[in-house]
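**Student:** Got a file for you: entry-v2.txt, compact mmCIF, C-alpha atoms.
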```txt
# COMPACT_ATOMS: atom_id res chain seq x y z
CA SER A 1 -14.15 13.99 -3.92
CA GLN A 2 -13.42 10.90 -1.92
CA THR A 3 -11.46 10.97 1.31
CA ILE A 4 -10.42 8.26 3.73
CA HIS A 5 -9.85 8.81 7.42
CA GLN A 6 -8.13 6.71 10.05
CA TRP A 7 -7.83 7.20 13.76
CA PRO A 8 -6.04 7.33 15.97
CA ALA A 9 -2.86 8.41 14.19
CA THR A 10 -0.65 6.85 16.85
CA LEU A 11 -1.36 4.46 19.67
CA VAL A 12 0.71 2.90 22.43
CA GLN A 13 -0.92 -0.05 24.13
CA PRO A 14 0.30 -2.63 26.67
CA VAL A 15 0.40 -6.32 25.85
CA GLY A 16 -2.93 -7.99 26.54
CA SER A 17 -5.01 -4.85 26.10
CA PRO A 18 -7.81 -4.56 23.52
CA LEU A 19 -7.54 -2.68 20.25
CA SER A 20 -9.96 -0.77 18.06
CA LEU A 21 -8.85 1.11 14.95
CA GLU A 22 -11.40 2.87 12.82
CA CYS A 23 -11.46 3.74 9.14
CA THR A 24 -14.14 5.73 7.33
CA VAL A 25 -14.51 6.70 3.70
CA GLU A 26 -16.38 9.72 2.39
CA GLY A 27 -17.61 10.58 -1.07
CA THR A 28 -18.28 7.09 -2.40
CA SER A 29 -20.72 4.28 -1.83
CA ASN A 30 -20.23 0.52 -1.58
CA PRO A 31 -16.44 0.69 -1.66
CA ASN A 32 -14.19 -2.33 -1.27
CA LEU A 33 -12.29 -1.85 1.98
CA TYR A 34 -8.95 -3.23 3.08
CA TRP A 35 -6.79 -3.40 6.20
CA TYR A 36 -3.04 -3.73 5.72
CA ARG A 37 -0.14 -3.96 8.13
CA GLN A 38 3.34 -2.70 7.30
CA ALA A 39 6.25 -3.88 9.40
CA ALA A 40 9.48 -1.89 9.31
CA GLY A 41 11.37 -2.54 6.07
CA ARG A 42 8.71 -4.95 4.82
CA GLY A 43 6.04 -4.83 2.18
CA LEU A 44 2.41 -4.26 3.01
CA GLN A 45 0.56 -7.35 4.18
CA LEU A 46 -3.16 -7.61 3.52
CA LEU A 47 -5.02 -8.50 6.70
CA PHE A 48 -8.71 -8.19 5.81
CA TYR A 49 -10.85 -7.39 2.82
CA SER A 50 -14.53 -6.45 2.61
CA VAL A 51 -16.85 -6.07 -0.38
CA GLY A 52 -19.89 -5.05 1.65
CA ILE A 53 -21.52 -4.62 5.04
CA GLY A 54 -20.85 -7.63 7.22
CA GLN A 55 -18.71 -9.32 4.55
CA ILE A 56 -15.16 -9.85 5.77
CA SER A 57 -12.41 -12.00 4.28
CA SER A 58 -9.39 -12.77 6.42
CA GLU A 59 -6.05 -13.23 4.72
CA VAL A 60 -3.81 -14.39 7.53
CA PRO A 61 -4.51 -16.22 10.79
CA GLN A 62 -3.91 -13.92 13.74
CA ASN A 63 -5.49 -12.50 16.84
CA LEU A 64 -6.98 -9.57 14.92
CA SER A 65 -10.51 -9.27 13.60
CA ALA A 66 -12.34 -6.83 11.38
CA SER A 67 -15.91 -5.63 11.12
CA ARG A 68 -17.89 -3.49 8.72
CA PRO A 69 -20.95 -2.22 10.56
CA GLN A 70 -21.74 0.44 7.96
CA ASP A 71 -21.08 0.81 4.25
CA ARG A 72 -18.19 3.20 4.66
CA GLN A 73 -16.86 2.16 8.05
CA PHE A 74 -14.22 -0.51 8.63
CA ILE A 75 -12.96 -1.43 12.09
CA LEU A 76 -9.89 -3.45 13.08
CA SER A 77 -10.00 -5.02 16.53
CA SER A 78 -8.20 -7.27 18.92
CA LYS A 79 -9.23 -8.65 22.29
CA LYS A 80 -5.65 -9.05 23.51
CA LEU A 81 -2.69 -7.42 21.82
CA LEU A 82 0.63 -9.18 21.32
CA LEU A 83 4.04 -7.56 20.96
CA SER A 84 4.08 -8.80 17.37
CA ASP A 85 1.01 -6.70 16.60
CA SER A 86 3.15 -3.56 16.58
CA GLY A 87 3.32 -1.92 13.18
CA PHE A 88 1.84 0.62 10.82
CA TYR A 89 -1.78 -0.13 9.97
CA LEU A 90 -3.23 1.16 6.76
CA CYS A 91 -6.82 1.22 5.60
CA ALA A 92 -7.57 1.46 1.89
CA TRP A 93 -10.57 1.59 -0.39
CA SER A 94 -11.23 0.87 -4.04
CA ALA A 95 -14.21 1.11 -6.35
CA GLY A 96 -13.70 -2.45 -7.55
CA THR A 97 -11.17 -5.25 -7.65
CA SER A 98 -8.63 -5.88 -10.39
CA GLY A 99 -7.60 -2.77 -12.29
CA TYR A 100 -9.11 -0.39 -9.78
CA GLU A 101 -6.91 2.01 -7.88
CA GLN A 102 -6.55 1.48 -4.15
CA TYR A 103 -6.49 4.67 -2.11
CA PHE A 104 -4.78 4.54 1.25
CA GLY A 105 -5.54 6.33 4.46
CA PRO A 106 -2.94 8.17 6.55
CA GLY A 107 -2.26 5.12 8.72
CA THR A 108 -2.09 4.32 12.43
CA ARG A 109 1.24 3.67 14.14
CA LEU A 110 0.63 1.02 16.82
CA THR A 111 3.27 0.24 19.42
CA VAL A 112 2.58 -2.61 21.79
CA THR A 113 4.71 -2.43 24.93
CA LYS B 1 5.15 -18.22 -5.70
CA ASN B 2 3.93 -14.70 -6.49
CA GLN B 3 6.66 -12.25 -5.61
CA VAL B 4 7.71 -8.69 -6.28
CA GLU B 5 11.34 -7.78 -5.79
CA GLN B 6 12.72 -4.26 -5.86
CA SER B 7 16.21 -2.90 -6.17
CA PRO B 8 18.10 -1.17 -4.85
CA GLN B 9 16.88 -1.40 -1.28
CA SER B 10 18.01 2.17 -0.69
CA LEU B 11 19.48 4.96 -2.76
CA ILE B 12 21.03 8.35 -2.08
CA ILE B 13 21.28 10.93 -4.84
CA LEU B 14 22.00 14.64 -5.10
CA GLU B 15 19.23 17.10 -5.80
CA GLY B 16 18.76 17.64 -9.53
CA LYS B 17 20.10 14.21 -10.52
CA ASN B 18 18.09 11.46 -12.20
CA CYS B 19 17.62 7.95 -10.88
CA THR B 20 16.00 4.68 -11.86
CA LEU B 21 14.38 2.16 -9.55
CA GLN B 22 13.87 -1.46 -10.57
CA CYS B 23 11.07 -3.96 -10.02
CA ASN B 24 10.99 -7.65 -11.01
CA TYR B 25 7.90 -9.75 -10.50
CA THR B 26 6.84 -13.36 -10.81
CA VAL B 27 3.09 -12.78 -10.42
CA SER B 28 0.91 -14.84 -12.74
CA PRO B 29 -1.59 -14.22 -14.16
CA PHE B 30 -0.75 -10.54 -14.51
CA SER B 31 -3.32 -7.76 -14.50
CA ASN B 32 -1.54 -4.51 -13.81
CA LEU B 33 1.50 -2.97 -12.15
CA ARG B 34 1.47 0.08 -9.95
CA TRP B 35 4.07 2.36 -8.46
CA TYR B 36 3.33 4.08 -5.17
CA LYS B 37 5.21 6.79 -3.30
CA GLN B 38 5.14 6.57 0.48
CA ASP B 39 6.41 9.39 2.65
CA THR B 40 7.62 8.37 6.10
CA GLY B 41 4.71 7.76 8.42
CA ARG B 42 2.11 8.30 5.70
CA GLY B 43 -0.05 6.14 3.49
CA PRO B 44 1.14 5.24 -0.03
CA VAL B 45 0.05 7.49 -2.89
CA SER B 46 -0.33 6.16 -6.42
CA LEU B 47 2.06 7.42 -9.09
CA THR B 48 1.19 5.21 -12.06
CA ILE B 49 -0.77 2.11 -12.97
CA MET B 50 0.01 0.12 -16.12
CA THR B 51 -1.77 -2.77 -17.76
CA PHE B 52 -0.24 -5.53 -19.86
CA SER B 53 -0.44 -3.52 -23.07
CA GLU B 54 1.22 -0.37 -21.75
CA ASN B 55 4.99 0.06 -22.00
CA THR B 56 5.41 3.54 -20.59
CA LYS B 57 3.43 5.89 -18.44
CA SER B 58 4.44 9.28 -17.09
CA ASN B 59 3.29 11.38 -14.19
CA GLY B 60 5.20 14.64 -14.17
CA ARG B 61 8.85 13.89 -13.45
CA TYR B 62 8.05 10.21 -12.85
CA THR B 63 8.14 7.79 -15.78
CA ALA B 64 7.35 4.11 -15.36
CA THR B 65 8.16 1.43 -17.89
CA LEU B 66 6.88 -2.11 -18.15
CA ASP B 67 8.26 -5.11 -20.01
CA ALA B 68 5.64 -7.82 -19.59
CA ASP B 69 7.81 -10.35 -21.42
CA THR B 70 10.70 -10.14 -18.98
CA LYS B 71 8.38 -9.21 -16.09
CA GLN B 72 10.34 -6.10 -15.26
CA SER B 73 9.39 -2.54 -14.52
CA SER B 74 11.34 0.58 -13.75
CA LEU B 75 10.53 3.97 -12.30
CA HIS B 76 12.65 6.84 -13.57
CA ILE B 77 12.74 10.10 -11.64
CA THR B 78 14.00 13.12 -13.54
CA ALA B 79 15.59 16.20 -11.99
CA SER B 80 15.10 14.97 -8.44
CA GLN B 81 13.85 17.28 -5.73
CA LEU B 82 14.20 17.09 -1.96
CA SER B 83 10.49 16.24 -1.78
CA ASP B 84 11.15 13.06 -3.75
CA SER B 85 12.73 11.57 -0.62
CA ALA B 86 10.39 8.69 0.19
CA SER B 87 9.90 4.97 -0.26
CA TYR B 88 8.79 3.84 -3.71
CA ILE B 89 6.75 0.68 -3.78
CA CYS B 90 6.11 -1.57 -6.77
CA VAL B 91 2.78 -3.41 -6.60
CA VAL B 92 1.43 -6.09 -8.94
CA SER B 93 -2.16 -7.17 -9.33
CA GLY B 94 -2.79 -10.68 -10.59
CA GLY B 95 -5.80 -11.73 -12.64
CA SER B 96 -9.19 -10.84 -11.25
CA SER B 97 -8.06 -11.05 -7.66
CA TYR B 98 -8.45 -8.18 -5.26
CA LYS B 99 -5.11 -9.14 -3.80
CA LEU B 100 -2.11 -6.95 -4.52
CA ILE B 101 1.44 -8.23 -4.27
CA PHE B 102 3.68 -5.58 -2.73
CA GLY B 103 7.40 -5.16 -3.05
CA SER B 104 9.31 -4.10 0.04
CA GLY B 105 10.14 -0.76 -1.55
CA THR B 106 13.19 1.34 -2.41
CA ARG B 107 14.02 4.05 0.08
CA LEU B 108 15.21 7.14 -1.78
CA LEU B 109 17.02 10.01 -0.11
CA VAL B 110 17.64 13.18 -2.10
CA ARG B 111 20.34 15.38 -0.61
CA PRO B 112 20.89 19.07 -1.33
```
As structure tokens, what does this structure read like?

**Tutor:**
Amino acid sequence: SQTIHQWPATLVQPVGSPLSLECTVEGTSNPNLYWYRQAAGRGLQLLFYSVGIGQISSEVPQNLSASRPQDRQFILSSKKLLLSDSGFYLCAWSAGTSGYEQYFGPGTRLTVT
Amino acid sequence: KNQVEQSPQSLIILEGKNCTLQCNYTVSPFSNLRWYKQDTGRGPVSLTIMTFSENTKSNGRYTATLDADTKQSSLHITASQLSDSASYICVVSGGSSYKLIFGSGTRLLVRP
């Protein structure tokens, strides 16, 4: 069966520090991968989307970036965190696009101080 | 503008009671509508997914309905349990896009 992992589960970082969040998927190959951010009381916002290694689509302009160095690995990064980067970050995967279920990871709670 | 609106924003019910959550959307073209359950501090978990031609879909005590003409959906929870306390998120997929439009969710609290 397929599983999706995210780490760390929680992170507290000072403003201006770098960020690296990792997501890995097991039990499937060539998944579509997604990074979302969820602010308190708000709907999920899609940040990045990837259909394959090295293929990244950015949805919103921001100081975050994403990379997909391996088929089942998706990394969210920042060189310098802002206070507004605080939130709950979710990684998800799907076997395809429209009509395919998206399966979410456990999430990372990021607090920028 | 593609939007998904949910009501109520929050809801408190007693254990054993039924409740219905509402979702209105303006997403076009429409592909499918999903309901997710999200426990606090966890990732969302899918409850149902319905396409244009489906009116009702059940998953245990959860029953979702879809009226594609009025662009409305509801999630009915029967005989609520304490473990049903969570946020319920309505999500719409439009056309062939990978992009999902998320509602802001209904926060349900089931009290003993």

**Student:** Considering all atoms listed in the file, return as a list in words whatever protein or nucleic-acid residues lie within 10 Å of A:Pro106, sequence-local ones (same chain, fewer than 4 positions apart) excluded.

**Tutor:**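 The filter keeps Ile4, His5, Gln6, Trp7, Pro8, Ala9, Cys23, Phe88, Tyr89, Leu90, Cys91 and Ala92 of chain A; Gly41, Arg42, Gly43, Pro44 and Val45 of chain B.
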
**Student:** Hey, can you spit out that residue selection with C-alpha atoms as a compact mmCIF listing (two decimals), in the coordinates of the input?

**Tutor:**
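Final output, again.txt:
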```
# COMPACT_ATOMS: atom_id res chain seq x y z
CA ILE A 4 -10.42 8.26 3.73
CA HIS A 5 -9.85 8.81 7.42
CA GLN A 6 -8.13 6.71 10.05
CA TRP A 7 -7.83 7.20 13.76
CA PRO A 8 -6.04 7.33 15.97
CA ALA A 9 -2.86 8.41 14.19
CA CYS A 23 -11.46 3.74 9.14
CA PHE A 88 1.84 0.62 10.82
CA TYR A 89 -1.78 -0.13 9.97
CA LEU A 90 -3.23 1.16 6.76
CA CYS A 91 -6.82 1.22 5.60
CA ALA A 92 -7.57 1.46 1.89
CA GLY B 41 4.71 7.76 8.42
CA ARG B 42 2.11 8.30 5.70
CA GLY B 43 -0.05 6.14 3.49
CA PRO B 44 1.14 5.24 -0.03
CA VAL B 45 0.05 7.49 -2.89
```

**Student:** When you draw a straight line from atom CA of B:Val92 to atom CA of B:Lys1, how long is it in Å?

**Tutor:**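 Atom CA of B:Lys1 lies 13.1 Å from atom CA of B:Val92.
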
**Student:** Pick from B:His76, B:Lys71, B:Lys37, B:Lys17: nearest to chain A, with all atoms listed in the file counted?

**Tutor:**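 Between B:His76, B:Lys71, B:Lys37, B:Lys17, the residue approaching chain A most closely is B:Lys37.
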
**Student:** One decimal, Å: what's the distance from atom CA of B:Cys19 over to atom CA of B:Glu54, could you say?

**Tutor:**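 Result for atom CA of B:Cys19 versus atom CA of B:Glu54: 21.4 Å, one decimal.
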
**Student:** Tell me, counting all atoms listed in the file, for each residue of chain A within 8 Å of chain B, which pair of atoms is nearest and how far apart they are in Å to one decimal, in rows ordered by chain and increasing number, as a Markdown table.

**Tutor:**
```
| residue | atom | partner | partner_atom | distance |
| --- | --- | --- | --- | --- |
| A:Gly41 | CA | B:Ser104 | CA | 6.6 |
| A:Arg42 | CA | B:Ser104 | CA | 4.9 |
| A:Gly43 | CA | B:Ser104 | CA | 4.0 |
| A:Leu44 | CA | B:Phe102 | CA | 6.0 |
| A:Gln45 | CA | B:Phe102 | CA | 7.8 |
| A:Leu46 | CA | B:Lys99 | CA | 7.7 |
| A:Leu90 | CA | B:Gly43 | CA | 6.8 |
| A:Thr97 | CA | B:Tyr98 | CA | 4.7 |
| A:Ser98 | CA | B:Ser96 | CA | 5.1 |
| A:Gly99 | CA | B:Asn32 | CA | 6.5 |
| A:Glu101 | CA | B:Ser46 | CA | 7.9 |
| A:Tyr103 | CA | B:Val45 | CA | 7.2 |
| A:Phe104 | CA | B:Gly43 | CA | 5.5 |
| A:Gly105 | CA | B:Gly43 | CA | 5.6 |
| A:Pro106 | CA | B:Gly43 | CA | 4.7 |
| A:Gly107 | CA | B:Gly43 | CA | 5.8 |
| A:Arg109 | CA | B:Gly41 | CA | 7.8 |
```

**Student:** Would you pick out the contacts of B:Ala79 at 10 Å or less, using only C-alpha atoms, so that residues sharing its chain but fewer than 5 positions from it are not included, and give the list as a count of residues only?

**Tutor:** 9

**Student:** Pick the closest to A:Pro69 from A:Ser94, A:Gln2, A:Ser50, A:Gln13: which is it, counting all atoms listed in the file?

**Tutor:** A:Ser50

**Student:** Quick one: pull the distance between atom CA of A:Leu81 and atom CA of A:Trp93, Å, one decimal.

**Tutor:**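 Between atom CA of A:Leu81 and atom CA of A:Trp93 the gap is 25.2 Å.
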
**Student:** List the spatial neighbours of B:Arg111 as a ChimeraX atom specification - criterion: any atom at most 9 Å away, all atoms listed in the file, same-chain residues fewer than 4 positions off excluded.

**Tutor:** /B:12-15,81-82,85

**Student:** Which is closer to B:Leu75 than all the others in B:Phe30, B:Tyr25, B:Phe52, B:Trp35, using all atoms listed in the file?

**Tutor:**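 Closest to B:Leu75 of all the choices is B:Trp35.
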
**Student:** So that I can check the surroundings of stretch 54-64 of chain A, please list as a list in words every protein, DNA and RNA residue that reaches within 9 Å of it, counting all atoms listed in the file and ignoring chain neighbours fewer than 5 positions away.

**Tutor:**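 My reading of the contact set: Leu19, Gln45, Leu46, Leu47, Phe48, Tyr49, Pro69, Gln70, Asp71, Leu76, Ser77, Ser78, Lys79, Lys80, Leu81, Leu82 and Asp85 of chain A.
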